[in-house]
>>> print(open('model24.cif').read())   # mmCIF, C-alpha atoms
data_upload
loop_
_atom_site.label_atom_id
_atom_site.label_comp_id
_atom_site.auth_asym_id
_atom_site.auth_seq_id
_atom_site.Cartn_x
_atom_site.Cartn_y
_atom_site.Cartn_z
CA MET A 9 102.17 100.30 135.91
CA LEU A 10 99.99 98.20 133.61
CA GLN A 11 101.38 100.02 130.56
CA LEU A 12 104.94 99.25 131.68
CA ILE A 13 104.10 95.58 132.14
CA ASN A 14 102.54 95.47 128.67
CA GLN A 15 105.63 97.06 127.14
CA ILE A 16 107.94 94.56 128.84
CA THR A 17 105.71 91.64 127.82
CA HIS A 18 105.67 92.88 124.23
CA LYS A 19 109.46 93.09 124.13
CA ILE A 20 109.83 89.59 125.56
CA ILE A 21 107.40 88.15 122.98
CA GLN A 22 109.17 90.04 120.22
CA ARG A 23 112.57 88.64 121.22
CA LEU A 24 111.14 85.12 121.09
CA THR A 25 109.45 85.60 117.69
CA PRO A 26 111.35 84.68 114.50
CA CYS A 27 112.47 87.40 112.09
CA GLN A 28 109.81 88.15 109.43
CA LEU A 29 112.40 87.89 106.66
CA CYS A 30 114.87 85.11 107.37
CA GLY A 31 112.74 83.24 109.92
CA LEU A 32 115.92 82.04 111.59
CA GLU A 33 117.04 84.63 114.13
CA HIS A 34 114.82 86.18 116.78
CA GLN A 35 113.43 89.66 116.27
CA TYR A 36 115.43 92.53 117.67
CA TYR A 37 114.57 95.54 115.53
CA PRO A 38 110.95 96.01 114.42
CA SER A 39 109.91 92.56 113.21
CA LEU A 40 113.43 91.75 112.01
CA CYS A 41 116.66 90.33 113.34
CA VAL A 42 119.72 92.60 113.48
CA ASP A 43 121.26 91.31 110.25
CA CYS A 44 118.08 91.61 108.18
CA TRP A 45 117.41 95.11 109.53
CA ASN A 46 120.96 96.26 108.75
CA ASN A 47 120.87 94.68 105.28
CA LEU A 48 117.77 96.52 104.12
CA PRO A 49 118.55 98.86 101.17
CA TRP A 50 118.95 101.94 103.35
CA PHE A 51 119.22 105.34 101.68
CA LYS A 52 118.38 107.90 104.41
CA GLN A 53 118.87 110.94 102.22
CA ASN A 54 116.85 113.75 100.73
CA ILE A 55 115.82 113.89 97.09
CA GLU A 56 114.32 116.78 95.11
CA ARG A 57 111.01 116.44 93.29
CA HIS A 58 109.12 119.45 91.90
CA GLU A 59 111.46 121.70 93.90
CA ARG A 60 110.40 119.95 97.10
CA SER A 61 112.77 118.12 99.40
CA ILE A 62 111.66 114.60 100.32
CA GLN A 63 113.26 112.46 103.00
CA VAL A 64 113.64 108.87 101.86
CA ALA A 65 114.39 105.93 104.14
CA GLN A 66 115.31 103.25 101.58
CA HIS A 67 115.93 102.48 97.94
CA TYR A 68 113.00 100.72 96.27
CA GLN A 69 114.95 97.47 95.97
CA PHE A 70 114.68 93.94 97.30
CA PRO A 71 113.48 93.11 99.89
CA ILE A 72 111.74 96.38 100.78
CA ASP A 73 110.05 96.57 97.36
CA ARG A 74 108.47 93.16 97.86
CA ILE A 75 107.53 93.97 101.46
CA ILE A 76 105.72 97.15 100.36
CA GLN A 77 103.91 95.26 97.60
CA LYS A 78 102.75 92.53 99.98
CA TYR A 79 101.64 95.07 102.55
CA LYS A 80 99.90 97.31 100.03
CA TYR A 81 98.27 94.81 97.67
CA GLU A 82 98.18 91.45 99.47
CA GLN A 83 96.83 92.57 102.88
CA GLN A 84 99.93 91.38 104.72
CA LEU A 85 99.50 93.95 107.46
CA HIS A 86 102.04 92.35 109.75
CA TYR A 87 104.64 94.49 107.94
CA GLN A 88 103.08 97.72 109.19
CA ASN A 89 105.44 98.13 112.16
CA LEU A 90 108.54 97.46 110.07
CA LEU A 91 107.50 100.09 107.52
CA ALA A 92 106.55 102.62 110.20
CA GLN A 93 109.87 102.18 111.94
CA SER A 94 111.66 102.69 108.63
CA LEU A 95 110.19 106.18 108.52
CA LEU A 96 110.81 106.77 112.22
CA SER A 97 114.49 105.92 111.69
CA LEU A 98 114.83 109.17 109.72
CA ARG A 99 115.67 112.48 111.39
CA LEU A 100 112.15 113.75 111.12
CA PRO A 101 111.37 117.42 111.76
CA LYS A 102 109.18 118.46 114.65
CA VAL A 103 105.71 119.07 113.27
CA HIS A 104 102.19 119.65 114.51
CA ALA A 105 100.51 116.80 112.61
CA ILE A 106 101.04 113.85 110.25
CA VAL A 107 99.24 113.78 106.89
CA PRO A 108 99.12 110.29 105.35
CA MET A 109 98.82 110.20 101.56
CA PRO A 110 95.08 109.81 100.85
CA ILE A 111 93.70 107.20 98.48
CA SER A 112 90.48 107.33 96.48
CA THR A 113 87.27 105.65 97.61
CA GLU A 114 87.68 103.15 94.78
CA ARG A 115 91.15 102.18 96.01
CA LEU A 116 89.87 101.97 99.59
CA VAL A 117 87.07 99.59 98.59
CA GLU A 118 89.48 97.54 96.51
CA ARG A 119 92.11 97.15 99.25
CA GLY A 120 89.98 97.50 102.34
CA TYR A 121 92.38 99.95 104.01
CA ASN A 122 94.59 102.98 103.44
CA GLN A 123 98.07 101.56 103.92
CA MET A 124 99.60 104.90 104.91
CA LEU A 125 96.88 105.72 107.45
CA ILE A 126 97.76 102.53 109.34
CA ILE A 127 101.43 103.53 109.39
CA ALA A 128 100.51 107.09 110.37
CA LYS A 129 98.68 105.79 113.46
CA ILE A 130 101.83 103.99 114.64
CA MET A 131 103.96 107.08 114.04
CA ALA A 132 101.45 109.45 115.63
CA THR A 133 101.43 107.36 118.81
CA GLN A 134 105.22 107.31 119.06
CA LEU A 135 105.66 110.99 118.17
CA ASN A 136 102.65 112.06 120.26
CA ILE A 137 101.11 114.18 117.50
CA PRO A 138 97.73 113.97 115.75
CA ILE A 139 96.86 112.63 112.31
CA TRP A 140 95.33 115.23 110.00
CA GLN A 141 93.28 114.31 106.92
CA PRO A 142 91.89 117.56 105.48
CA VAL A 143 92.13 116.41 101.85
CA VAL A 144 90.29 113.65 99.99
CA ARG A 145 91.36 112.01 96.76
CA GLU A 146 88.98 111.62 93.88
CA ALA A 147 89.04 108.69 91.44
CA GLN A 148 92.58 107.89 90.34
CA HIS A 149 92.45 107.69 86.55
CA SER A 150 95.01 106.08 84.27
CA GLN A 151 97.90 108.33 83.21
CA LYS A 152 98.60 106.33 80.07
CA GLY A 153 98.85 108.40 76.88
CA LEU A 154 98.92 111.76 78.69
CA THR A 155 101.62 114.40 78.31
CA ARG A 156 103.67 115.46 81.33
CA ILE A 157 101.55 118.60 81.80
CA GLU A 158 98.32 116.62 81.42
CA ARG A 159 99.56 114.10 83.98
CA MET A 160 100.27 116.89 86.46
CA GLU A 161 96.85 118.46 85.92
CA ASN A 162 95.19 115.04 86.27
CA ILE A 163 96.86 114.40 89.62
CA GLU A 164 96.30 117.92 90.96
CA ASN A 165 92.58 117.66 90.21
CA GLN A 166 92.38 114.47 92.27
CA PHE A 167 93.01 116.25 95.60
CA GLN A 168 90.01 118.07 97.03
CA ILE A 169 89.93 120.00 100.31
CA ILE A 170 87.32 118.97 102.89
CA LYS A 171 85.52 122.28 103.41
CA THR A 172 84.06 121.23 106.76
CA GLU A 173 87.55 120.63 108.25
CA ARG A 174 88.07 123.10 111.06
CA ARG A 175 91.46 122.08 112.39
CA LYS A 176 94.47 124.04 111.11
CA TYR A 177 98.14 123.14 111.41
CA LYS A 178 101.10 125.25 110.33
CA LYS A 179 103.81 122.56 110.27
CA VAL A 180 102.92 119.12 108.90
CA LEU A 181 104.60 115.94 107.70
CA ILE A 182 103.29 114.13 104.62
CA ILE A 183 104.09 110.43 104.58
CA ASP A 184 103.91 108.08 101.59
CA ASP A 185 105.19 104.63 100.71
CA VAL A 186 107.01 105.05 97.37
CA VAL A 187 108.05 108.23 95.57
CA THR A 188 108.79 108.23 91.84
CA THR A 189 108.03 111.51 90.06
CA GLY A 190 106.77 113.15 93.25
CA SER A 191 103.64 114.45 91.49
CA SER A 192 101.22 113.14 94.14
CA VAL A 193 103.27 114.63 96.97
CA HIS A 194 103.46 117.96 95.15
CA ALA A 195 99.70 118.02 94.53
CA LEU A 196 98.90 117.17 98.16
CA ALA A 197 101.36 119.77 99.45
CA THR A 198 99.79 122.40 97.18
CA ALA A 199 96.36 121.60 98.63
CA LEU A 200 97.75 121.88 102.16
CA GLU A 201 99.33 125.23 101.37
CA SER A 202 95.91 126.53 100.35
CA LEU A 203 94.77 125.58 103.86
CA GLY A 204 97.42 127.80 105.41
CA CYS A 205 100.21 125.29 106.06
CA GLN A 206 103.49 127.19 106.16
CA GLN A 207 105.99 124.37 106.57
CA ILE A 208 105.29 121.11 104.76
CA TYR A 209 107.75 118.23 105.02
CA THR A 210 107.61 114.87 103.31
CA ALA A 211 108.99 111.44 104.23
CA CYS A 212 108.73 108.32 102.09
CA ILE A 213 109.61 104.73 102.85
CA ALA A 214 111.37 104.20 99.52
CA ALA A 215 112.35 105.98 96.31
CA ALA A 216 112.07 104.30 92.92
CA GLU A 217 114.25 105.16 89.93
#
>>> encode(input="model24.cif", output="structure tokens")
Amino acid sequence: MLQLINQITHKIIQRLTPCQLCGLEHQYYPSLCVDCWNNLPWFKQNIERHERSIQVAQHYQFPIDRIIQKYKYEQQLHYQNLLAQSLLSLRLPKVHAIVPMPISTERLVERGYNQMLIIAKIMATQLNIPIWQPVVREAQHSQKGLTRIERMENIENQFQIIKTERRKYKKVLIIDDVVTTGSSVHALATALESLGCQQIYTACIAAAE
């Protein structure tokens, strides 16, 4: 009963809160009014990277590019629900666990949070599945001046399996914010395959050219 009351109260407050983009209309969709939500640069298609299919919610264009940047680098965490719902708007496969893209300790200290872990918690609650983090990411070095093969090897070496992890999942969903070459997703998926994952899906908020 209390949970139902909280949900109703949340919806009422949301309807009375201005849209996070235009600031004019009241919120209807996650943090946005109807027009702003519909006018986001939606893509909702699959792309191929390293022979892996990746579901993509939006093009990396204004305003979603600026929203991701503010959320990721400027600690504007109030965008977390909007970004989570962007992923949840996709026709996601049924999986056993969500795997947020890991970041290195250096990045974590620098930002103070893993932006995809926050989004994963929202998604995990709504989908009623656990978050799984069996892989850590070592220091993310500059790719400047490296050949394509060297870049791939550099990224693949960044992902290390946590040997003490006992949980195993066969079907998982990797989530990330922006996909470009898809090298990070490929490296993470390869690490998960070595753990016995048989079906690995990927969903990204946006795809850059």
>>> residues_around(input="model24.cif", residues="region 129-136 of chain A", least_positions_apart="4", cutoff="7 Å", atoms="all atoms listed in the file", output="list in words")
Ala92, Ile106 and Leu125 of chain A
>>> closest_residue(input="model24.cif", among="A:Lys179, A:His86, A:Lys78, A:Arg99", to="Gln53 (chain A)", atoms="all atoms listed in the file")
A:Arg99
>>> resolve_selection(input="model24.cif", expression="the PyMOL selection byres ((chain A and resi 32-49) around 7)", output="PyMOL selection string")
chain A and resi 22-31+50-51+66-67+69+71-72+89-90+93
>>> residues_around(input="model24.cif", residues="region 182-184 of chain A", least_positions_apart="2", cutoff="7 Å", atoms="only C-alpha atoms", output="MDAnalysis selection string")
chainID A and resid 106:109 124 180 186 209:213
>>> resolve_selection(input="model24.cif", expression="the PyMOL selection byres ((chain A and resi 57) around 10)", output="ChimeraX atom specification")
/A:54-56,58-62,187-191,193-194
